[in-house]
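Asker: One file is attached below, data-v1.tsv, containing TSV, C-alpha atoms and all ligand atoms.
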chain	number	residue	atom	x	y	z
A	84	MET	CA	3.27	-11.88	-23.98
A	85	GLN	CA	3.44	-13.44	-20.52
A	86	ASN	CA	0.49	-13.30	-18.18
A	87	LEU	CA	0.36	-13.58	-14.39
A	88	SER	CA	-0.04	-17.36	-14.35
A	89	ASP	CA	2.96	-17.81	-16.72
A	90	VAL	CA	5.11	-15.62	-14.47
A	91	LEU	CA	4.02	-17.48	-11.33
A	92	ALA	CA	4.45	-20.88	-13.04
A	93	SER	CA	8.04	-20.07	-14.02
A	94	SER	CA	8.94	-18.86	-10.50
A	95	THR	CA	9.79	-20.75	-7.32
A	96	THR	CA	6.58	-19.46	-5.68
A	97	PRO	CA	5.00	-22.35	-3.72
A	98	ASP	CA	1.70	-23.65	-5.16
A	99	ALA	CA	-0.29	-22.63	-2.09
A	100	LEU	CA	0.98	-19.04	-2.37
A	101	LYS	CA	0.16	-19.05	-6.09
A	102	THR	CA	-3.39	-19.98	-5.15
A	103	VAL	CA	-3.64	-17.17	-2.56
A	104	LEU	CA	-2.34	-14.68	-5.13
A	105	THR	CA	-4.74	-15.92	-7.79
A	106	VAL	CA	-7.73	-15.71	-5.45
A	107	THR	CA	-6.67	-12.19	-4.38
A	108	THR	CA	-6.12	-10.87	-7.89
A	109	ASP	CA	-9.27	-12.52	-9.30
A	110	THR	CA	-11.27	-10.83	-6.54
A	111	CYS	CA	-9.63	-7.50	-7.36
A	112	VAL	CA	-10.91	-7.90	-10.92
A	113	ASP	CA	-14.41	-8.28	-9.45
A	114	ILE	CA	-13.82	-5.12	-7.35
A	115	SER	CA	-12.62	-3.30	-10.48
A	116	ASN	CA	-15.83	-4.32	-12.27
A	117	ALA	CA	-17.95	-3.10	-9.34
A	118	LEU	CA	-16.08	0.25	-9.37
A	119	LYS	CA	-16.76	0.65	-13.10
A	120	GLN	CA	-20.49	0.52	-12.45
A	121	GLY	CA	-20.16	3.56	-10.16
A	122	SER	CA	-23.42	5.38	-9.57
A	123	LEU	CA	-25.25	2.99	-11.89
A	124	ALA	CA	-25.06	0.25	-9.25
A	125	GLY	CA	-26.01	2.57	-6.37
A	126	ILE	CA	-22.77	1.70	-4.59
A	127	LEU	CA	-21.24	5.15	-4.12
A	128	GLY	CA	-21.50	7.17	-0.91
A	129	MET	CA	-21.29	6.33	2.77
A	130	ALA	CA	-22.16	3.01	4.35
A	131	GLY	CA	-23.29	4.78	7.53
A	132	ASN	CA	-20.74	3.17	9.90
A	133	GLU	CA	-17.20	3.77	11.12
A	134	ASN	CA	-14.25	1.38	11.05
A	135	VAL	CA	-12.19	0.65	14.17
A	136	GLN	CA	-10.01	3.68	13.41
A	137	GLY	CA	-12.97	6.04	13.61
A	138	GLU	CA	-13.06	6.62	9.85
A	139	GLU	CA	-16.42	6.66	8.10
A	140	GLN	CA	-16.78	3.70	5.77
A	141	LYS	CA	-17.85	4.15	2.17
A	142	LYS	CA	-20.21	1.55	0.73
A	143	LEU	CA	-17.41	0.44	-1.59
A	144	ASP	CA	-14.99	-0.01	1.33
A	145	VAL	CA	-17.47	-2.44	2.82
A	146	ILE	CA	-18.30	-4.16	-0.47
A	147	SER	CA	-14.60	-4.61	-1.40
A	148	ASN	CA	-13.81	-5.89	2.08
A	149	ASP	CA	-16.65	-8.41	1.97
A	150	MET	CA	-15.59	-9.65	-1.46
A	151	LEU	CA	-11.96	-10.22	-0.43
A	152	LYS	CA	-12.91	-11.67	2.94
A	153	GLU	CA	-15.35	-14.18	1.46
A	154	ALA	CA	-12.93	-15.29	-1.29
A	155	LEU	CA	-9.89	-15.61	0.99
A	156	MET	CA	-11.74	-17.32	3.84
A	157	ALA	CA	-12.85	-20.00	1.36
A	158	CYS	CA	-9.24	-20.60	0.25
A	159	PRO	CA	-7.76	-23.55	2.22
A	160	ALA	CA	-4.24	-22.05	2.09
A	161	VAL	CA	-5.33	-18.98	4.08
A	162	ARG	CA	-4.74	-19.20	7.84
A	163	ALA	CA	-6.09	-15.75	8.74
A	164	ILE	CA	-6.87	-12.36	7.30
A	165	ALA	CA	-6.57	-8.81	8.63
A	166	SER	CA	-8.21	-5.84	6.97
A	167	GLU	CA	-8.48	-2.09	7.46
A	168	GLU	CA	-12.23	-2.66	7.64
A	169	GLU	CA	-12.17	-5.46	10.26
A	170	ASP	CA	-11.68	-4.58	13.94
A	171	TYR	CA	-9.83	-7.84	14.64
A	172	ILE	CA	-7.96	-10.45	12.63
A	173	VAL	CA	-10.28	-13.13	11.24
A	174	PRO	CA	-8.97	-16.71	11.61
A	175	ALA	CA	-9.73	-18.78	8.50
A	176	ASN	CA	-8.36	-22.34	8.20
A	177	THR	CA	-6.23	-23.59	11.11
A	178	ASP	CA	-4.13	-25.70	8.76
A	179	GLY	CA	-3.76	-22.91	6.22
A	180	GLU	CA	-0.25	-21.49	5.76
A	181	TYR	CA	-0.69	-17.84	4.86
A	182	PHE	CA	-1.70	-14.65	6.60
A	183	ILE	CA	-2.95	-11.89	4.34
A	184	ALA	CA	-3.41	-8.29	5.47
A	185	PHE	CA	-5.16	-5.90	3.11
A	186	ASP	CA	-6.57	-2.45	2.61
A	187	PRO	CA	-9.53	-3.38	0.40
A	188	LEU	CA	-9.97	0.10	-1.05
A	189	ASP	CA	-7.13	2.51	-0.39
A	190	GLY	CA	-7.92	6.16	-1.11
A	191	SER	CA	-11.65	5.57	-0.89
A	192	SER	CA	-12.29	9.31	-0.53
A	193	ASN	CA	-11.36	9.43	-4.25
A	194	ILE	CA	-14.28	7.20	-5.24
A	195	ASP	CA	-16.91	9.90	-5.33
A	196	ILE	CA	-14.78	12.01	-7.70
A	197	ASN	CA	-14.06	9.02	-9.99
A	198	ALA	CA	-10.33	9.18	-9.25
A	199	MET	CA	-7.68	6.55	-8.59
A	200	VAL	CA	-8.10	3.95	-5.82
A	201	GLY	CA	-6.58	0.52	-5.21
A	202	THR	CA	-6.37	-2.65	-3.12
A	203	ILE	CA	-3.11	-3.19	-1.19
A	204	PHE	CA	-2.09	-6.63	0.17
A	205	SER	CA	0.70	-8.13	2.26
A	206	ILE	CA	1.27	-11.90	2.68
A	207	TYR	CA	3.16	-13.86	5.37
A	208	HIS	CA	3.85	-17.57	5.80
A	209	ASN	CA	2.72	-18.95	9.16
A	210	THR	CA	1.59	-22.33	10.43
A	211	GLY	CA	0.25	-23.60	13.76
A	212	ASP	CA	-2.04	-26.16	15.40
A	213	ALA	CA	-4.54	-23.69	16.84
A	214	PRO	CA	-6.62	-20.95	15.22
A	215	ALA	CA	-4.43	-17.90	14.51
A	216	THR	CA	-4.41	-15.05	17.01
A	217	GLU	CA	-3.54	-11.37	16.58
A	218	ALA	CA	-0.21	-12.03	18.34
A	219	ASP	CA	0.64	-14.63	15.65
A	220	PHE	CA	-0.07	-12.03	12.98
A	221	LEU	CA	2.29	-9.36	14.37
A	222	ILE	CA	5.24	-10.20	12.14
A	223	GLN	CA	7.92	-7.77	10.89
A	224	GLY	CA	7.49	-6.56	7.32
A	225	LYS	CA	10.83	-8.07	6.28
A	226	GLU	CA	9.18	-11.52	6.66
A	227	GLN	CA	6.58	-10.81	3.95
A	228	VAL	CA	6.63	-13.49	1.24
A	229	ALA	CA	4.65	-11.38	-1.21
A	230	ALA	CA	3.21	-7.89	-1.40
A	231	GLY	CA	1.48	-5.79	-3.98
A	232	TYR	CA	-1.49	-3.75	-5.03
A	233	VAL	CA	-4.13	-3.59	-7.72
A	234	LEU	CA	-4.62	-0.06	-8.99
A	235	TYR	CA	-8.04	0.90	-10.33
A	236	GLY	CA	-7.16	3.76	-12.69
A	237	PRO	CA	-7.72	4.33	-16.41
A	238	SER	CA	-6.52	0.73	-16.67
A	239	THR	CA	-6.49	-1.87	-13.91
A	240	MET	CA	-2.92	-2.80	-12.98
A	241	LEU	CA	-1.38	-5.37	-10.65
A	242	VAL	CA	2.02	-4.56	-9.14
A	243	LEU	CA	3.55	-7.56	-7.40
A	244	THR	CA	6.68	-8.76	-5.67
A	245	THR	CA	7.35	-12.25	-4.32
A	246	GLY	CA	10.77	-11.15	-3.10
A	247	ASN	CA	12.52	-11.32	-6.46
A	248	GLY	CA	12.00	-7.89	-8.03
A	249	VAL	CA	8.83	-6.04	-8.96
A	250	ASN	CA	6.58	-6.82	-11.93
A	251	MET	CA	3.69	-4.72	-13.27
A	252	PHE	CA	0.78	-6.35	-15.06
A	253	THR	CA	-2.01	-4.62	-16.97
A	254	TYR	CA	-5.45	-6.23	-16.94
A	255	ASP	CA	-6.66	-7.26	-20.39
A	256	PRO	CA	-10.47	-7.19	-20.09
A	257	ILE	CA	-10.98	-8.89	-23.48
A	258	ASN	CA	-9.05	-12.01	-22.49
A	259	SER	CA	-9.64	-11.70	-18.72
A	260	ARG	CA	-6.00	-11.86	-17.65
A	261	PHE	CA	-3.21	-9.77	-16.17
A	262	VAL	CA	-0.50	-9.31	-18.83
A	263	LEU	CA	3.10	-8.59	-17.81
A	264	THR	CA	3.80	-5.08	-19.12
A	265	HIS	CA	6.85	-3.94	-17.05
A	266	ASP	CA	9.32	-6.37	-15.48
A	267	ASN	CA	12.12	-5.70	-13.01
A	268	VAL	CA	10.81	-2.22	-12.17
A	269	GLN	CA	13.56	0.08	-10.79
A	270	VAL	CA	13.25	3.42	-9.01
A	271	ALA	CA	16.00	5.94	-9.86
A	272	LYS	CA	18.08	6.95	-6.84
A	273	GLU	CA	17.72	10.69	-7.50
A	274	THR	CA	14.49	12.62	-8.02
A	275	GLN	CA	13.01	16.09	-8.47
A	276	GLU	CA	9.45	15.20	-7.47
A	277	PHE	CA	7.89	14.90	-4.01
A	278	ALA	CA	4.46	14.04	-2.59
A	279	ILE	CA	3.15	15.32	0.73
A	280	ASN	CA	-0.12	16.81	1.98
A	281	MET	CA	1.06	20.43	2.38
A	282	SER	CA	-2.08	21.38	4.30
A	283	ASN	CA	-0.57	19.60	7.32
A	284	GLN	CA	2.55	21.78	7.26
A	285	ARG	CA	1.88	23.55	10.56
A	286	PHE	CA	1.59	20.19	12.34
A	287	TRP	CA	4.94	18.76	11.12
A	288	SER	CA	8.15	18.57	13.15
A	289	ASN	CA	10.70	21.38	12.60
A	290	LYS	CA	12.90	18.95	10.69
A	291	ILE	CA	10.23	18.02	8.14
A	292	GLN	CA	9.37	21.75	7.87
A	293	SER	CA	13.01	22.54	6.98
A	294	TYR	CA	13.31	19.63	4.54
A	295	VAL	CA	10.16	20.59	2.61
A	296	SER	CA	11.03	24.29	2.75
A	297	ASP	CA	14.38	23.47	1.08
A	298	LEU	CA	12.56	21.47	-1.62
A	299	VAL	CA	10.14	24.28	-2.48
A	300	GLN	CA	12.94	26.87	-2.66
A	301	GLY	CA	14.11	24.94	-5.72
A	302	LYS	CA	17.02	26.30	-7.72
A	303	GLU	CA	17.24	29.37	-5.49
A	304	GLY	CA	17.56	27.29	-2.28
A	305	PRO	CA	20.17	24.95	-0.75
A	306	ARG	CA	19.14	21.99	-2.97
A	307	ASP	CA	20.03	23.99	-6.10
A	308	LYS	CA	17.37	22.23	-8.21
A	309	ASN	CA	13.66	22.64	-8.83
A	310	PHE	CA	11.19	20.11	-7.40
A	311	ASN	CA	7.71	19.33	-8.69
A	312	MET	CA	4.91	18.25	-6.31
A	313	ARG	CA	2.06	15.74	-6.80
A	314	TRP	CA	-0.55	14.38	-4.34
A	315	VAL	CA	-3.09	11.74	-5.39
A	316	ALA	CA	-4.54	11.40	-1.85
A	317	ALA	CA	-4.43	7.64	-2.32
A	318	MET	CA	-1.10	6.10	-1.31
A	319	VAL	CA	-1.57	3.45	-3.96
A	320	GLY	CA	-1.61	6.15	-6.68
A	321	ASP	CA	1.37	8.05	-5.26
A	322	VAL	CA	3.45	4.87	-4.90
A	323	HIS	CA	2.49	3.80	-8.41
A	324	ARG	CA	3.75	7.13	-9.80
A	325	ILE	CA	7.03	6.66	-7.91
A	326	LEU	CA	7.47	3.12	-9.28
A	327	CYS	CA	6.75	4.45	-12.80
A	328	ARG	CA	8.77	7.69	-12.84
A	329	GLY	CA	10.50	8.14	-9.49
A	330	GLY	CA	9.92	10.53	-6.62
A	331	VAL	CA	9.62	10.59	-2.85
A	332	PHE	CA	6.42	10.22	-0.79
A	333	LEU	CA	6.03	11.46	2.78
A	334	TYR	CA	3.27	11.03	5.31
A	335	PRO	CA	5.36	12.13	8.29
A	336	TRP	CA	4.56	12.07	11.96
A	337	ASP	CA	2.66	15.24	12.90
A	338	ASN	CA	1.17	16.69	16.08
A	339	LYS	CA	-2.40	16.98	14.77
A	340	ASP	CA	-3.28	14.00	16.94
A	341	PRO	CA	-0.36	13.25	19.30
A	342	SER	CA	-1.87	9.83	20.13
A	343	LYS	CA	-1.11	8.67	16.57
A	344	ALA	CA	2.38	7.94	15.25
A	345	GLY	CA	1.35	8.93	11.72
A	346	LYS	CA	-1.69	8.44	9.49
A	347	LEU	CA	-0.78	5.39	7.46
A	348	ARG	CA	-1.23	1.85	8.68
A	349	LEU	CA	1.84	-0.38	9.05
A	350	MET	CA	0.42	-3.80	8.28
A	351	TYR	CA	-1.54	-3.11	5.10
A	352	GLU	CA	-0.15	0.17	3.75
A	353	ALA	CA	3.44	0.85	4.85
A	354	ASN	CA	4.81	-2.73	4.92
A	355	PRO	CA	3.62	-3.89	1.47
A	356	MET	CA	4.65	-0.58	-0.13
A	357	ALA	CA	8.03	-0.72	1.65
A	358	MET	CA	8.67	-4.23	0.29
A	359	LEU	CA	7.79	-3.09	-3.26
A	360	LEU	CA	10.01	0.00	-2.97
A	361	GLU	CA	12.99	-1.92	-1.60
A	362	GLN	CA	12.57	-4.61	-4.25
A	363	ALA	CA	12.68	-1.80	-6.85
A	364	GLY	CA	15.91	-0.31	-5.43
A	365	GLY	CA	14.20	2.42	-3.36
A	366	LYS	CA	13.98	2.93	0.40
A	367	ALA	CA	11.17	3.11	2.96
A	368	HIS	CA	11.66	4.51	6.47
A	369	THR	CA	9.85	6.14	9.32
A	370	HIS	CA	11.75	9.15	10.72
A	371	THR	CA	13.72	6.73	12.93
A	372	GLN	CA	13.93	3.29	11.32
A	373	ARG	CA	13.52	1.07	8.26
A	374	ILE	CA	9.81	0.24	7.96
A	375	LEU	CA	10.40	-3.47	7.29
A	376	ASP	CA	12.28	-3.78	10.63
A	377	ILE	CA	9.39	-2.51	12.78
A	378	GLN	CA	8.06	-5.07	15.22
A	379	PRO	CA	4.28	-4.47	15.02
A	380	ASP	CA	2.40	-4.13	18.30
A	381	ALA	CA	-1.12	-3.95	16.88
A	382	ILE	CA	-2.82	-4.89	13.66
A	383	HIS	CA	-4.04	-1.33	12.98
A	384	GLN	CA	-0.81	0.37	14.14
A	385	ARG	CA	0.05	3.65	12.38
A	386	VAL	CA	3.50	4.77	11.29
A	387	ALA	CA	5.23	7.74	9.71
A	388	VAL	CA	6.27	6.99	6.12
A	389	ILE	CA	9.11	8.39	3.99
A	390	LEU	CA	9.59	6.26	0.87
A	391	GLY	CA	10.86	6.40	-2.69
A	392	ALA	CA	14.14	7.35	-4.40
A	393	ALA	CA	16.98	6.00	-2.22
A	394	ASN	CA	19.13	9.14	-2.17
A	395	GLU	CA	16.17	11.43	-1.52
A	396	VAL	CA	14.96	9.29	1.42
A	397	ASP	CA	18.51	9.47	2.83
A	398	LYS	CA	18.54	13.22	2.28
A	399	CYS	CA	15.26	13.63	4.15
A	400	LEU	CA	16.52	11.46	7.02
A	401	SER	CA	19.70	13.56	7.23
A	402	TYR	CA	17.53	16.46	8.50
A	501	LIG	P1	-8.70	7.00	2.62
A	501	LIG	O1	-8.62	5.55	2.17
A	501	LIG	O2	-9.47	7.16	3.89
A	501	LIG	O3	-9.14	7.92	1.51
A	501	LIG	O4	-7.20	7.41	3.05
A	501	LIG	C1	-6.17	7.26	2.14
A	501	LIG	C2	-4.87	7.33	2.86
A	501	LIG	O5	-4.82	6.41	3.90
A	501	LIG	C3	-3.68	7.12	1.92
A	501	LIG	O6	-3.96	6.26	0.86
A	501	LIG	C4	-3.33	8.52	1.46
A	501	LIG	O7	-1.98	8.67	1.11
A	501	LIG	C5	-3.69	9.36	2.64
A	501	LIG	O8	-4.67	8.64	3.38
A	501	LIG	C6	-4.26	10.67	2.22
A	501	LIG	O9	-4.38	11.47	3.33
A	501	LIG	P2	-4.92	12.98	3.30
A	501	LIG	O10	-6.39	12.87	3.58
A	501	LIG	O11	-4.15	13.67	4.36
A	501	LIG	O12	-4.65	13.55	1.93
Take the structure I supplied and represent it as structure tokens, if you would.

Answerer:
Amino acid sequence: MQNLSDVLASSTTPDALKTVLTVTTDTCVDISNALKQGSLAGILGMAGNENVQGEEQKKLDVISNDMLKEALMACPAVRAIASEEEDYIVPANTDGEYFIAFDPLDGSSNIDINAMVGTIFSIYHNTGDAPATEADFLIQGKEQVAAGYVLYGPSTMLVLTTGNGVNMFTYDPINSRFVLTHDNVQVAKETQEFAINMSNQRFWSNKIQSYVSDLVQGKEGPRDKNFNMRWVAAMVGDVHRILCRGGVFLYPWDNKDPSKAGKLRLMYEANPMAMLLEQAGGKAHTHTQRILDIQPDAIHQRVAVILGAANEVDKCLSY
């Protein structure tokens, strides 16, 4: 069986990027081990502060962020990092060649109920003579050189693309390695499963209301087929289900807070997931454009997200 280093060694991935990926995934194994300790290590609950987006930080958000930050800052190939838990980008090594944006613990509200969470990462190539600035970091998602996530579920899994398809690896704790368990992952074009937080229904646009209403009418409605619904409340878990068995995921624009374009963050949630979905034959859009074409204007920018089975994303956009 092939492991992560075999797969990277047999690819055209540059050595410096291999190092960044190895540092990232090794640190995720440390995060996974910290999560397994749960209450025993006294690391559950709130940290007592808010991140720049006004969200209360859990202790494990802060711990995971510190672990990734420390490991990546010490890696000479890293030029700068950006994180959900850091107000600003953090320049690392001026002569490094990679930017890495990450959500250290996506779905952290699931931690206290011992449910699925994950680390999402997005990597860009960039060089320059001066320390990196936020403006340098604002690169379109289609320029990502690698993207992926580590899912902390019943098993710890790495899902990775370096622009040549999507591979899934399962962590083998006995031999301390990620083993390739699914290669060339593909998402079926059609689906009968959707994911959306229905409690926001009254805040959605009329078009999203009509689309979802047609889904829930099932066989008796205009779609003439029944749809199932699932919601993990951690994007990493919902996207993983779609990569495993298909589906469509929506976190649409809503008018709950008109100052926000959506809930999910472009640079470390939407872009890496969009790259994975497209590499697996799916699609990822806002209500107006392909996510990977968005020119970011801020590191913590939010976007609407409609991603998954290609034909179902098209169907949603047709509303
Ligand atoms: P947290 O990391 O704050 O738990 O948020 C998770 C998330 O950003 C994304 O992973 C989920 O899909 C979405 O929010 C869940 O949002 P709801 O709270 O509306 O269910």

Asker: Could you tell me, counting all atoms listed in the file, which protein and nucleic acid residues lie no more than 6 Å from ligand LIG 501 (chain A), written as number ranges by chain?

Answerer: A: 189-192, 280, 316-318, 347

Asker: Next, the residues of the selection above should be written as a PDB file, in the coordinates of the input with C-alpha atoms.

Answerer:
ATOM      1  CA  ASP A 189      -7.130   2.510  -0.390  1.00  0.00           C
ATOM      2  CA  GLY A 190      -7.920   6.160  -1.110  1.00  0.00           C
ATOM      3  CA  SER A 191     -11.650   5.570  -0.890  1.00  0.00           C
ATOM      4  CA  SER A 192     -12.290   9.310  -0.530  1.00  0.00           C
ATOM      5  CA  ASN A 280      -0.120  16.810   1.980  1.00  0.00           C
ATOM      6  CA  ALA A 316      -4.540  11.400  -1.850  1.00  0.00           C
ATOM      7  CA  ALA A 317      -4.430   7.640  -2.320  1.00  0.00           C
ATOM      8  CA  MET A 318      -1.100   6.100  -1.310  1.00  0.00           C
ATOM      9  CA  LEU A 347      -0.780   5.390   7.460  1.00  0.00           C
TER      10      LEU A 347
END

Asker: Excluding Gly345 of chain A and its own-chain neighbours fewer than 5 positions away, which residues fall within 8 Å of it when counting only C-alpha atoms? Please give them as a list in words.

Answerer: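 Near Gly345 of chain A, the qualifying residues are Tyr334, Pro335, Trp336, Asp337, Arg385, Val386, Ala387 and Val388 of chain A.
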
Asker: For the residues in the current selection, export C-alpha atoms as a PDB file, in the coordinates of the input.

Answerer:
ATOM      1  CA  TYR A 334       3.270  11.030   5.310  1.00  0.00           C
ATOM      2  CA  PRO A 335       5.360  12.130   8.290  1.00  0.00           C
ATOM      3  CA  TRP A 336       4.560  12.070  11.960  1.00  0.00           C
ATOM      4  CA  ASP A 337       2.660  15.240  12.900  1.00  0.00           C
ATOM      5  CA  ARG A 385       0.050   3.650  12.380  1.00  0.00           C
ATOM      6  CA  VAL A 386       3.500   4.770  11.290  1.00  0.00           C
ATOM      7  CA  ALA A 387       5.230   7.740   9.710  1.00  0.00           C
ATOM      8  CA  VAL A 388       6.270   6.990   6.120  1.00  0.00           C
TER       9      VAL A 388
END

Asker: In Å, rounded to a single decimal, give me how far atom CA of Ala184 of chain A is from atom CA of Leu375 of chain A.

Answerer: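 Calculated distance between atom CA of Leu375 of chain A and atom CA of Ala184 of chain A is 14.7 Å.
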
Asker: Place a sphere of radius 12 Å on (-4.3, -27.6, 17.6) in the file coordinates and name every protein, DNA or RNA residue with an atom inside or on its surface, counting all atoms listed in the file; give the answer as an MDAnalysis selection string.

Answerer: chainID A and resid 176:178 210:215

Asker: What lies within 9 Å of Met84 of chain A using all atoms listed in the file, ignoring chain neighbours under 2 positions off, as a VMD selection string?

Answerer: chain A and resid 86 262 to 264

Asker: Just want the 12 Å neighbourhood of Leu118 of chain A, counted on only C-alpha atoms, with same-chain residues fewer than 2 positions away dropped. Output as a VMD selection string.

Answerer: chain A and resid 111 to 116 120 to 127 142 to 144 146 to 147 188 191 193 to 202 234 to 237 239

Asker: Which distance in Å separates atom CA of Glu168 of chain A and atom CA of Phe185 of chain A, to one decimal?

Answerer: 9.0 Å
